[in-house]
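Trainee: The structure is given below, and queries will be raised subsequently.
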There are 2 protein chains.
Amino acid sequence: MVRWEPGAVERLHSAALELYATKGFEETTVAEIAQAAGLTERTFFRHFADKREALFGGAELFQQSFLDGIEAAPDGGSPLEIVIAGVSSAARFFSDDRRASSRQRTKVIAANPQLQERELHKMSSLATAMAGALRERGIREPAATLAAESGVTVFRMSFAQWIADGADRSLIDIEQDLFAELTAIAVVRG
Amino acid sequence: MVRWEPGAVERLHSAALELYATKGFEETTVAEIAQAAGLTERTFFRHFADKREALFGGAELFQQSFLDGIEAAPDGGSPLEIVIAGVSSAARFFSDDRRASSRQRTKVIAANPQLQERELHKMSSLATAMAGALRERGIREPAATLAAESGVTVFRMSFAQWIADGADRSLIDIEQDLFAELTAIAVVRG
DNA sequence: TACCTTAATGTCAGTGTCTGTCATCACTGA
DNA sequence: TCAGTGATGACAGACACTGACATTAAGGTA
């Protein structure tokens, strides 16, 4: 007989996602989420820094998959090629059976400006971390940050296409196309 | 004898900037800002949607200067060249005598995550608007969004260099260098 | 002059997010 | 048996933000 049911964080996360999806983010109170998870409001704020964070857990693994890909990239590539290795590595994080849940989560975020702001902040942190990893590999500024920001842009656009209605291509395929488009765009006097 | 002193918005903006800079954003209450401006808390929220917005006024003119530059760009250029026209046009918005005040404002934003999130959101909106302007000029997706996002990235990095300690180059000079770096990075098999 | 309208503000009573503090309870190890 | 320890509950409070209604001075109109 345990005093507390295990998995409090997971229960809070699930309850939050479900309520945000059905009632809307602003229309759900933290007290409601806590009650749905069988806990109190105070406990919610012990596990999540704020009401939004319940939707953004597990970002460390996500970010690490980018950094791993950058570290593992072969030597001698251009900055963008090394970034492509990182973004491709992270694509494995999103197998096709995750598409449905990714779609729901993205829909919730798209419906609320506060959540969009948090999402942008996470992406900005990712770009900063990737730029750091590039510098570790000897790439100097401003090339490191330019390449990292470009990589995050391509990832965001690819992800949006990946979960778009009717889409069925794999994330990594879409990424490759968009990186090709990026190099085409950057040509001056084209 | 006027009943109310004119320039309520400006007074609130100034009071907020000063208090955020001296006490810190989270440490200042809206009531304090309102009192410093000779108004009430309720009036603050009539002029600004939230506590952060007091720092982000006048974004419409700022954004429009990008769009104007895109509209005015000559025909026949690549997507990135048209974006460069927009970003260069906006550089005129930041003459050198604005450097000191830009520096203070940026410092306040850098000191607080909530303000950073709002800043990122504004930049994201700018990129969306620029992509729309590019589409108006016949550029298709995904080229339009890729070019717009790249342009915003270059602008952000240029701006950061422009207000960096000891910097004295003009914003437009820095932008040109970074656009050149961007095209260099994007070359595959470099 | 008296009256009406309007715009900007004030007043007041809320709701909801988030924090600090202390109490509670099961489990653990000595 | 007893002193930690860790997750939670209970409670009070600060502060951001909103809705509803009152107030005031300026301008226009009869």
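Ligands are numbered from 1 in the order shown, chains are lettered A, B, ... in the order of the structure tokens, and residues start at 1 in each chain.
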After a least-squares superposition on chain B using every in-order C-alpha pair, I'd like chain A written out as an mmCIF file with C-alpha atoms, in the first residue's frame.

Mentor:
data_model
loop_
_atom_site.group_PDB
_atom_site.id
_atom_site.type_symbol
_atom_site.label_atom_id
_atom_site.label_comp_id
_atom_site.auth_asym_id
_atom_site.auth_seq_id
_atom_site.Cartn_x
_atom_site.Cartn_y
_atom_site.Cartn_z
ATOM 1 C CA MET A 1 -7.603 73.291 -18.025
ATOM 2 C CA VAL A 2 -7.779 69.729 -19.244
ATOM 3 C CA ARG A 3 -9.022 67.043 -16.962
ATOM 4 C CA TRP A 4 -6.229 64.626 -17.901
ATOM 5 C CA GLU A 5 -2.625 65.257 -18.796
ATOM 6 C CA PRO A 6 -2.026 64.234 -22.419
ATOM 7 C CA GLY A 7 0.291 61.441 -23.489
ATOM 8 C CA ALA A 8 -0.807 58.775 -21.063
ATOM 9 C CA VAL A 9 0.595 55.952 -23.193
ATOM 10 C CA GLU A 10 3.970 57.612 -23.528
ATOM 11 C CA ARG A 11 4.166 58.283 -19.803
ATOM 12 C CA LEU A 12 3.310 54.690 -18.986
ATOM 13 C CA HIS A 13 5.860 53.432 -21.490
ATOM 14 C CA SER A 14 8.633 55.613 -20.093
ATOM 15 C CA ALA A 15 7.845 54.750 -16.507
ATOM 16 C CA ALA A 16 7.781 51.047 -17.336
ATOM 17 C CA LEU A 17 11.096 51.143 -19.177
ATOM 18 C CA GLU A 18 12.778 53.020 -16.372
ATOM 19 C CA LEU A 19 11.451 50.769 -13.625
ATOM 20 C CA TYR A 20 12.179 47.576 -15.540
ATOM 21 C CA ALA A 21 15.741 48.805 -16.082
ATOM 22 C CA THR A 22 16.379 49.778 -12.474
ATOM 23 C CA LYS A 23 14.361 47.316 -10.397
ATOM 24 C CA GLY A 24 13.967 44.489 -12.862
ATOM 25 C CA PHE A 25 10.864 43.355 -14.740
ATOM 26 C CA GLU A 26 9.442 40.912 -12.232
ATOM 27 C CA GLU A 27 10.253 43.126 -9.282
ATOM 28 C CA THR A 28 8.154 46.003 -10.569
ATOM 29 C CA THR A 29 4.400 45.882 -10.206
ATOM 30 C CA VAL A 30 1.948 47.400 -12.623
ATOM 31 C CA ALA A 31 0.627 49.488 -9.748
ATOM 32 C CA GLU A 32 4.054 51.077 -9.398
ATOM 33 C CA ILE A 33 4.259 51.897 -13.086
ATOM 34 C CA ALA A 34 0.817 53.441 -13.034
ATOM 35 C CA GLN A 35 1.610 55.499 -9.976
ATOM 36 C CA ALA A 36 4.848 56.762 -11.538
ATOM 37 C CA ALA A 37 2.807 57.874 -14.535
ATOM 38 C CA GLY A 38 0.129 59.469 -12.378
ATOM 39 C CA LEU A 39 -2.505 56.943 -13.377
ATOM 40 C CA THR A 40 -4.163 53.832 -12.010
ATOM 41 C CA GLU A 41 -3.447 50.190 -12.639
ATOM 42 C CA ARG A 42 -6.712 49.801 -14.517
ATOM 43 C CA THR A 43 -5.697 52.462 -17.007
ATOM 44 C CA PHE A 44 -2.404 50.704 -17.688
ATOM 45 C CA PHE A 45 -4.331 47.652 -18.866
ATOM 46 C CA ARG A 46 -6.538 49.791 -21.051
ATOM 47 C CA HIS A 47 -3.482 50.867 -23.065
ATOM 48 C CA PHE A 48 -1.411 47.674 -22.953
ATOM 49 C CA ALA A 49 -2.683 44.144 -23.327
ATOM 50 C CA ASP A 50 -0.347 42.944 -20.599
ATOM 51 C CA LYS A 51 2.613 43.958 -18.473
ATOM 52 C CA ARG A 52 5.102 43.093 -21.213
ATOM 53 C CA GLU A 53 3.488 45.076 -23.987
ATOM 54 C CA ALA A 54 4.567 48.348 -22.424
ATOM 55 C CA LEU A 55 7.997 47.554 -23.848
ATOM 56 C CA PHE A 56 6.895 46.547 -27.335
ATOM 57 C CA GLY A 57 4.927 49.485 -28.654
ATOM 58 C CA GLY A 58 5.408 50.893 -32.140
ATOM 59 C CA ALA A 59 6.070 47.515 -33.721
ATOM 60 C CA GLU A 60 3.784 48.330 -36.646
ATOM 61 C CA LEU A 61 6.071 51.008 -38.116
ATOM 62 C CA PHE A 62 9.043 48.757 -37.548
ATOM 63 C CA GLN A 63 7.440 45.878 -39.401
ATOM 64 C CA GLN A 64 6.192 48.097 -42.166
ATOM 65 C CA SER A 65 9.705 49.250 -42.988
ATOM 66 C CA PHE A 66 10.612 45.674 -43.865
ATOM 67 C CA LEU A 67 7.540 45.262 -46.040
ATOM 68 C CA ASP A 68 8.143 48.574 -47.811
ATOM 69 C CA GLY A 69 11.656 47.480 -48.716
ATOM 70 C CA ILE A 70 10.378 44.211 -50.124
ATOM 71 C CA GLU A 71 7.747 45.962 -52.209
ATOM 72 C CA ALA A 72 10.245 48.462 -53.548
ATOM 73 C CA ALA A 73 12.877 45.887 -54.513
ATOM 74 C CA PRO A 74 13.622 45.632 -58.238
ATOM 75 C CA ASP A 75 12.208 42.763 -60.228
ATOM 76 C CA GLY A 76 14.244 39.781 -61.284
ATOM 77 C CA GLY A 77 16.134 39.216 -58.044
ATOM 78 C CA SER A 78 16.387 35.944 -56.185
ATOM 79 C CA PRO A 79 14.175 35.482 -53.098
ATOM 80 C CA LEU A 80 17.092 36.248 -50.837
ATOM 81 C CA GLU A 81 17.961 39.398 -52.754
ATOM 82 C CA ILE A 82 14.445 40.699 -52.305
ATOM 83 C CA VAL A 83 14.615 39.917 -48.604
ATOM 84 C CA ILE A 84 17.919 41.768 -48.383
ATOM 85 C CA ALA A 85 16.149 44.802 -49.766
ATOM 86 C CA GLY A 86 13.603 44.560 -46.970
ATOM 87 C CA VAL A 87 16.129 44.104 -44.203
ATOM 88 C CA SER A 88 18.260 46.934 -45.557
ATOM 89 C CA SER A 89 15.243 49.188 -45.666
ATOM 90 C CA ALA A 90 14.526 48.475 -42.015
ATOM 91 C CA ALA A 91 18.124 49.324 -41.119
ATOM 92 C CA ARG A 92 17.290 52.957 -41.797
ATOM 93 C CA PHE A 93 14.883 52.663 -38.887
ATOM 94 C CA PHE A 94 17.870 52.352 -36.561
ATOM 95 C CA SER A 95 20.047 55.389 -37.054
ATOM 96 C CA ASP A 96 23.169 55.625 -34.930
ATOM 97 C CA ASP A 97 21.617 58.047 -32.465
ATOM 98 C CA ARG A 98 19.173 55.340 -31.492
ATOM 99 C CA ARG A 99 21.928 52.976 -30.506
ATOM 100 C CA ALA A 100 22.016 53.951 -26.837
ATOM 101 C CA SER A 101 18.294 53.576 -26.251
ATOM 102 C CA SER A 102 18.193 50.353 -28.267
ATOM 103 C CA ARG A 103 20.989 49.063 -26.093
ATOM 104 C CA GLN A 104 19.071 49.785 -22.890
ATOM 105 C CA ARG A 105 15.890 48.216 -24.147
ATOM 106 C CA THR A 106 17.709 45.100 -25.326
ATOM 107 C CA LYS A 107 19.438 44.811 -21.987
ATOM 108 C CA VAL A 108 16.108 44.818 -20.180
ATOM 109 C CA ILE A 109 14.733 42.143 -22.497
ATOM 110 C CA ALA A 110 17.846 39.988 -22.187
ATOM 111 C CA ALA A 111 17.436 39.990 -18.412
ATOM 112 C CA ASN A 112 14.020 38.348 -18.416
ATOM 113 C CA PRO A 113 12.705 35.182 -20.081
ATOM 114 C CA GLN A 114 9.139 36.443 -20.309
ATOM 115 C CA LEU A 115 10.299 39.438 -22.309
ATOM 116 C CA GLN A 116 12.497 37.261 -24.502
ATOM 117 C CA GLU A 117 9.490 35.148 -25.361
ATOM 118 C CA ARG A 118 7.530 38.190 -26.413
ATOM 119 C CA GLU A 119 10.458 39.422 -28.507
ATOM 120 C CA LEU A 120 10.691 36.076 -30.280
ATOM 121 C CA HIS A 121 6.987 36.178 -30.977
ATOM 122 C CA LYS A 122 7.300 39.616 -32.573
ATOM 123 C CA MET A 123 10.144 38.379 -34.759
ATOM 124 C CA SER A 124 8.098 35.365 -35.762
ATOM 125 C CA SER A 125 5.214 37.605 -36.754
ATOM 126 C CA LEU A 126 7.627 39.700 -38.770
ATOM 127 C CA ALA A 127 8.855 36.638 -40.652
ATOM 128 C CA THR A 128 5.275 35.610 -41.393
ATOM 129 C CA ALA A 129 4.454 39.060 -42.722
ATOM 130 C CA MET A 130 7.594 39.134 -44.866
ATOM 131 C CA ALA A 131 6.798 35.735 -46.322
ATOM 132 C CA GLY A 132 3.383 37.086 -47.254
ATOM 133 C CA ALA A 133 4.958 40.077 -48.975
ATOM 134 C CA LEU A 134 7.239 37.768 -50.924
ATOM 135 C CA ARG A 135 4.271 35.707 -52.047
ATOM 136 C CA GLU A 136 2.630 38.906 -53.218
ATOM 137 C CA ARG A 137 5.645 39.330 -55.460
ATOM 138 C CA GLY A 138 5.142 35.916 -56.969
ATOM 139 C CA ILE A 139 7.584 33.895 -54.905
ATOM 140 C CA ARG A 140 6.187 30.497 -54.010
ATOM 141 C CA GLU A 141 6.401 28.391 -50.897
ATOM 142 C CA PRO A 142 8.529 27.109 -49.386
ATOM 143 C CA ALA A 143 10.998 29.603 -50.871
ATOM 144 C CA ALA A 144 9.088 32.589 -49.483
ATOM 145 C CA THR A 145 9.113 31.416 -45.876
ATOM 146 C CA LEU A 146 12.678 30.124 -46.041
ATOM 147 C CA ALA A 147 13.912 33.451 -47.354
ATOM 148 C CA ALA A 148 11.855 35.459 -44.867
ATOM 149 C CA GLU A 149 13.055 33.423 -41.882
ATOM 150 C CA SER A 150 16.637 33.717 -43.062
ATOM 151 C CA GLY A 151 16.241 37.456 -43.386
ATOM 152 C CA VAL A 152 14.909 37.764 -39.842
ATOM 153 C CA THR A 153 17.787 35.655 -38.543
ATOM 154 C CA VAL A 154 20.309 37.918 -40.230
ATOM 155 C CA PHE A 155 18.522 40.973 -38.890
ATOM 156 C CA ARG A 156 18.537 39.647 -35.330
ATOM 157 C CA MET A 157 22.207 38.764 -35.421
ATOM 158 C CA SER A 158 23.104 42.080 -37.037
ATOM 159 C CA PHE A 159 21.137 43.981 -34.447
ATOM 160 C CA ALA A 160 22.922 42.129 -31.658
ATOM 161 C CA GLN A 161 26.284 43.074 -33.142
ATOM 162 C CA TRP A 162 25.143 46.643 -33.693
ATOM 163 C CA ILE A 163 24.442 47.233 -30.034
ATOM 164 C CA ALA A 164 27.340 45.144 -28.741
ATOM 165 C CA ASP A 165 29.790 46.913 -26.487
ATOM 166 C CA GLY A 166 32.397 48.812 -28.466
ATOM 167 C CA ALA A 167 30.692 48.337 -31.790
ATOM 168 C CA ASP A 168 30.532 51.358 -34.044
ATOM 169 C CA ARG A 169 29.706 50.019 -37.508
ATOM 170 C CA SER A 170 26.358 50.938 -39.018
ATOM 171 C CA LEU A 171 23.608 48.347 -38.947
ATOM 172 C CA ILE A 172 23.418 48.091 -42.704
ATOM 173 C CA ASP A 173 27.130 47.332 -42.996
ATOM 174 C CA ILE A 174 26.831 44.478 -40.534
ATOM 175 C CA GLU A 175 23.803 43.132 -42.351
ATOM 176 C CA GLN A 176 25.661 42.998 -45.646
ATOM 177 C CA ASP A 177 28.466 41.009 -44.106
ATOM 178 C CA LEU A 178 26.107 38.521 -42.534
ATOM 179 C CA PHE A 179 24.137 38.004 -45.730
ATOM 180 C CA ALA A 180 27.430 37.241 -47.450
ATOM 181 C CA GLU A 181 28.269 34.760 -44.713
ATOM 182 C CA LEU A 182 24.873 33.139 -45.122
ATOM 183 C CA THR A 183 25.351 32.499 -48.817
ATOM 184 C CA ALA A 184 28.807 31.113 -48.101
ATOM 185 C CA ILE A 185 27.477 28.710 -45.485
ATOM 186 C CA ALA A 186 24.721 27.364 -47.661
ATOM 187 C CA VAL A 187 27.097 26.051 -50.255
ATOM 188 C CA VAL A 188 27.147 22.271 -50.029
ATOM 189 C CA ARG A 189 30.440 20.557 -50.746
ATOM 190 C CA GLY A 190 32.283 23.708 -49.762
#

Trainee: Show me, as a list in words, every residue of chain D with an atom at most 10 Å from chain A, counting only C-alpha atoms (C1' of nucleotides).

Mentor: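 That gives DA7, DT8, DG9 and DA10 of chain D for chain D.
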
Trainee: Which residues of chain C are close to chain B, meaning at most 9 Å apart when you count only C-alpha atoms (C1' of nucleotides), and how do they look as a CSV table (one decimal) with N, CA and C atoms (P, O5', C5', C4', C3', O3' and C1' of nucleotides), in the first residue's frame?

Mentor:
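As written to disk, result30.csv reads:
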chain,number,residue,atom,x,y,z
C,8,DA,P,-9.8,58.7,-26.2
C,8,DA,O5',-9.3,58.7,-24.7
C,8,DA,C5',-8.9,60.0,-24.1
C,8,DA,C4',-9.0,59.9,-22.6
C,8,DA,C3',-8.3,58.7,-22.0
C,8,DA,O3',-7.2,59.2,-21.2
C,8,DA,C1',-10.4,59.0,-21.1
C,9,DT,P,-6.3,58.2,-20.4
C,9,DT,O5',-7.0,58.1,-19.0
C,9,DT,C5',-7.2,59.2,-18.1
C,9,DT,C4',-8.2,58.9,-17.0
C,9,DT,C3',-7.8,57.8,-16.0
C,9,DT,O3',-7.2,58.4,-14.9
C,9,DT,C1',-10.1,57.8,-16.5
C,10,DG,P,-6.8,57.5,-13.7
C,10,DG,O5',-8.1,57.2,-12.8
C,10,DG,C5',-8.8,58.4,-12.3
C,10,DG,C4',-9.9,58.0,-11.4
C,10,DG,C3',-9.6,56.9,-10.3
C,10,DG,O3',-10.2,57.3,-9.1
C,10,DG,C1',-11.3,56.1,-11.7

Trainee: Write out as an mmCIF file with N, CA and C atoms, in the first residue's frame all residues of range 29-105 of chain B that DSSP puts in helix (DSSP H, G or I) for this structure's backbone.

Mentor:
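This went into part-v3.cif:
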data_model
loop_
_atom_site.group_PDB
_atom_site.id
_atom_site.type_symbol
_atom_site.label_atom_id
_atom_site.label_comp_id
_atom_site.auth_asym_id
_atom_site.auth_seq_id
_atom_site.Cartn_x
_atom_site.Cartn_y
_atom_site.Cartn_z
ATOM 1 N N VAL B 30 2.606 46.460 -11.766
ATOM 2 C CA VAL B 30 1.896 47.374 -12.662
ATOM 3 C C VAL B 30 1.402 48.588 -11.877
ATOM 4 N N ALA B 31 1.026 48.361 -10.640
ATOM 5 C CA ALA B 31 0.569 49.473 -9.800
ATOM 6 C C ALA B 31 1.657 50.528 -9.664
ATOM 7 N N GLU B 32 2.895 50.094 -9.526
ATOM 8 C CA GLU B 32 4.002 51.037 -9.416
ATOM 9 C C GLU B 32 4.178 51.850 -10.689
ATOM 10 N N ILE B 33 4.108 51.166 -11.822
ATOM 11 C CA ILE B 33 4.248 51.865 -13.113
ATOM 12 C C ILE B 33 3.160 52.929 -13.239
ATOM 13 N N ALA B 34 1.934 52.512 -12.938
ATOM 14 C CA ALA B 34 0.802 53.432 -13.083
ATOM 15 C C ALA B 34 0.981 54.639 -12.165
ATOM 16 N N GLN B 35 1.403 54.387 -10.947
ATOM 17 C CA GLN B 35 1.588 55.484 -9.997
ATOM 18 C C GLN B 35 2.675 56.449 -10.477
ATOM 19 N N ALA B 36 3.765 55.876 -11.010
ATOM 20 C CA ALA B 36 4.843 56.725 -11.525
ATOM 21 C C ALA B 36 4.363 57.594 -12.681
ATOM 22 N N GLU B 41 -3.790 51.494 -12.130
ATOM 23 C CA GLU B 41 -3.483 50.202 -12.722
ATOM 24 C C GLU B 41 -4.459 49.876 -13.851
ATOM 25 N N ARG B 42 -5.735 50.167 -13.614
ATOM 26 C CA ARG B 42 -6.737 49.845 -14.626
ATOM 27 C C ARG B 42 -6.458 50.543 -15.945
ATOM 28 N N THR B 43 -5.985 51.765 -15.879
ATOM 29 C CA THR B 43 -5.693 52.525 -17.098
ATOM 30 C C THR B 43 -4.513 51.916 -17.848
ATOM 31 N N PHE B 44 -3.534 51.418 -17.101
ATOM 32 C CA PHE B 44 -2.416 50.729 -17.753
ATOM 33 C C PHE B 44 -2.938 49.638 -18.671
ATOM 34 N N PHE B 45 -3.855 48.835 -18.159
ATOM 35 C CA PHE B 45 -4.349 47.702 -18.943
ATOM 36 C C PHE B 45 -5.330 48.124 -20.034
ATOM 37 N N ARG B 46 -5.731 49.375 -20.023
ATOM 38 C CA ARG B 46 -6.521 49.866 -21.155
ATOM 39 C C ARG B 46 -5.612 50.197 -22.336
ATOM 40 N N HIS B 47 -4.360 50.533 -22.049
ATOM 41 C CA HIS B 47 -3.440 50.914 -23.121
ATOM 42 C C HIS B 47 -2.537 49.766 -23.561
ATOM 43 N N GLU B 53 3.705 44.243 -22.816
ATOM 44 C CA GLU B 53 3.484 45.049 -24.014
ATOM 45 C C GLU B 53 3.950 46.496 -23.867
ATOM 46 N N ALA B 54 4.095 46.961 -22.630
ATOM 47 C CA ALA B 54 4.560 48.331 -22.423
ATOM 48 C C ALA B 54 5.937 48.544 -23.040
ATOM 49 N N LEU B 55 6.635 47.450 -23.301
ATOM 50 C CA LEU B 55 7.994 47.531 -23.853
ATOM 51 C C LEU B 55 8.017 47.318 -25.358
ATOM 52 N N ALA B 59 5.521 48.569 -32.897
ATOM 53 C CA ALA B 59 6.037 47.489 -33.733
ATOM 54 C C ALA B 59 5.478 47.538 -35.152
ATOM 55 N N GLU B 60 4.375 48.260 -35.335
ATOM 56 C CA GLU B 60 3.754 48.296 -36.662
ATOM 57 C C GLU B 60 4.650 49.042 -37.653
ATOM 58 N N LEU B 61 5.116 50.219 -37.254
ATOM 59 C CA LEU B 61 6.012 50.989 -38.119
ATOM 60 C C LEU B 61 7.265 50.189 -38.438
ATOM 61 N N PHE B 62 7.801 49.576 -37.403
ATOM 62 C CA PHE B 62 8.999 48.745 -37.544
ATOM 63 C C PHE B 62 8.777 47.670 -38.606
ATOM 64 N N GLN B 63 7.699 46.938 -38.468
ATOM 65 C CA GLN B 63 7.410 45.853 -39.405
ATOM 66 C C GLN B 63 7.153 46.390 -40.815
ATOM 67 N N GLN B 64 6.463 47.513 -40.873
ATOM 68 C CA GLN B 64 6.129 48.066 -42.184
ATOM 69 C C GLN B 64 7.371 48.436 -42.977
ATOM 70 N N SER B 65 8.437 48.850 -42.272
ATOM 71 C CA SER B 65 9.642 49.252 -42.992
ATOM 72 C C SER B 65 10.272 48.056 -43.728
ATOM 73 N N PHE B 66 10.113 46.858 -43.162
ATOM 74 C CA PHE B 66 10.571 45.655 -43.870
ATOM 75 C C PHE B 66 9.718 45.430 -45.127
ATOM 76 N N LEU B 67 8.411 45.520 -44.930
ATOM 77 C CA LEU B 67 7.506 45.226 -46.042
ATOM 78 C C LEU B 67 7.677 46.241 -47.171
ATOM 79 N N ASP B 68 7.872 47.508 -46.795
ATOM 80 C CA ASP B 68 8.085 48.536 -47.813
ATOM 81 C C ASP B 68 9.313 48.208 -48.663
ATOM 82 N N GLY B 69 10.378 47.806 -47.993
ATOM 83 C CA GLY B 69 11.596 47.469 -48.721
ATOM 84 C C GLY B 69 11.399 46.298 -49.668
ATOM 85 N N ILE B 70 10.611 45.337 -49.255
ATOM 86 C CA ILE B 70 10.338 44.184 -50.124
ATOM 87 C C ILE B 70 9.523 44.606 -51.340
ATOM 88 N N GLU B 71 8.534 45.465 -51.101
ATOM 89 C CA GLU B 71 7.701 45.927 -52.222
ATOM 90 C C GLU B 71 8.500 46.742 -53.221
ATOM 91 N N ALA B 72 9.436 47.519 -52.681
ATOM 92 C CA ALA B 72 10.189 48.428 -53.545
ATOM 93 C C ALA B 72 11.363 47.768 -54.251
ATOM 94 N N PRO B 79 14.927 35.228 -54.345
ATOM 95 C CA PRO B 79 14.186 35.464 -53.099
ATOM 96 C C PRO B 79 15.036 36.135 -52.029
ATOM 97 N N LEU B 80 16.256 35.658 -51.884
ATOM 98 C CA LEU B 80 17.094 36.243 -50.840
ATOM 99 C C LEU B 80 17.447 37.695 -51.152
ATOM 100 N N GLU B 81 17.631 37.996 -52.407
ATOM 101 C CA GLU B 81 17.952 39.389 -52.771
ATOM 102 C C GLU B 81 16.794 40.320 -52.431
ATOM 103 N N ILE B 82 15.594 39.852 -52.645
ATOM 104 C CA ILE B 82 14.433 40.685 -52.306
ATOM 105 C C ILE B 82 14.335 40.860 -50.793
ATOM 106 N N VAL B 83 14.623 39.814 -50.061
ATOM 107 C CA VAL B 83 14.605 39.906 -48.600
ATOM 108 C C VAL B 83 15.684 40.884 -48.118
ATOM 109 N N ILE B 84 16.827 40.837 -48.762
ATOM 110 C CA ILE B 84 17.896 41.761 -48.391
ATOM 111 C C ILE B 84 17.423 43.205 -48.537
ATOM 112 N N ALA B 85 16.652 43.459 -49.571
ATOM 113 C CA ALA B 85 16.104 44.808 -49.762
ATOM 114 C C ALA B 85 15.222 45.198 -48.588
ATOM 115 N N GLY B 86 14.434 44.261 -48.107
ATOM 116 C CA GLY B 86 13.568 44.551 -46.968
ATOM 117 C C GLY B 86 14.349 44.809 -45.698
ATOM 118 N N VAL B 87 15.311 43.961 -45.414
ATOM 119 C CA VAL B 87 16.100 44.103 -44.195
ATOM 120 C C VAL B 87 16.938 45.382 -44.245
ATOM 121 N N SER B 88 17.448 45.706 -45.409
ATOM 122 C CA SER B 88 18.219 46.948 -45.555
ATOM 123 C C SER B 88 17.330 48.158 -45.338
ATOM 124 N N SER B 89 16.127 48.082 -45.851
ATOM 125 C CA SER B 89 15.182 49.184 -45.668
ATOM 126 C C SER B 89 14.910 49.419 -44.181
ATOM 127 N N ALA B 90 14.770 48.361 -43.438
ATOM 128 C CA ALA B 90 14.483 48.485 -42.011
ATOM 129 C C ALA B 90 15.679 49.027 -41.242
ATOM 130 N N ALA B 91 16.860 48.845 -41.796
ATOM 131 C CA ALA B 91 18.058 49.335 -41.111
ATOM 132 C C ALA B 91 18.003 50.847 -40.946
ATOM 133 N N ASP B 96 22.077 55.841 -35.962
ATOM 134 C CA ASP B 96 23.073 55.672 -34.911
ATOM 135 C C ASP B 96 22.718 56.367 -33.603
ATOM 136 N N ASP B 97 21.874 57.414 -33.686
ATOM 137 C CA ASP B 97 21.527 58.092 -32.441
ATOM 138 C C ASP B 97 20.483 57.302 -31.642
ATOM 139 N N ARG B 98 20.020 56.229 -32.212
ATOM 140 C CA ARG B 98 19.103 55.371 -31.458
ATOM 141 C C ARG B 98 19.833 54.225 -30.767
ATOM 142 N N ARG B 99 21.130 54.183 -30.989
ATOM 143 C CA ARG B 99 21.858 53.030 -30.484
ATOM 144 C C ARG B 99 21.784 52.913 -28.966
ATOM 145 N N ALA B 100 21.915 54.027 -28.267
ATOM 146 C CA ALA B 100 21.937 53.980 -26.802
ATOM 147 C C ALA B 100 20.609 53.473 -26.238
ATOM 148 N N SER B 101 19.517 54.018 -26.743
ATOM 149 C CA SER B 101 18.223 53.591 -26.217
ATOM 150 C C SER B 101 17.924 52.152 -26.618
ATOM 151 N N SER B 102 18.325 51.756 -27.815
ATOM 152 C CA SER B 102 18.143 50.355 -28.235
ATOM 153 C C SER B 102 18.916 49.426 -27.319
ATOM 154 N N ARG B 103 20.090 49.891 -26.950
ATOM 155 C CA ARG B 103 20.930 49.086 -26.065
ATOM 156 C C ARG B 103 20.250 48.863 -24.715
ATOM 157 N N GLN B 104 19.688 49.931 -24.164
ATOM 158 C CA GLN B 104 19.034 49.791 -22.856
ATOM 159 C C GLN B 104 17.838 48.851 -22.934
ATOM 160 N N ARG B 105 17.031 49.043 -23.968
ATOM 161 C CA ARG B 105 15.847 48.211 -24.123
ATOM 162 C C ARG B 105 16.235 46.729 -24.293
#

Trainee: So the first atom is C1' of DG27 in chain D and the second is C1' of DA7 in chain C; what is the distance between them in Å, to one decimal place?

Mentor: 11.1 Å

Trainee: Which distance in Å separates C1' of DT19 in chain C and C1' of DG6 in chain D, to one decimal?

Mentor: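 Straight-line distance from C1' of DT19 in chain C to C1' of DG6 in chain D works out to 19.9 Å.
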
Trainee: If you measure from C1' of DT11 in chain C to C1' of DA26 in chain D, what distance in Å do you get, rounded to one decimal?

Mentor: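 Interatomic distance, C1' of DT11 in chain C to C1' of DA26 in chain D: 22.1 Å.
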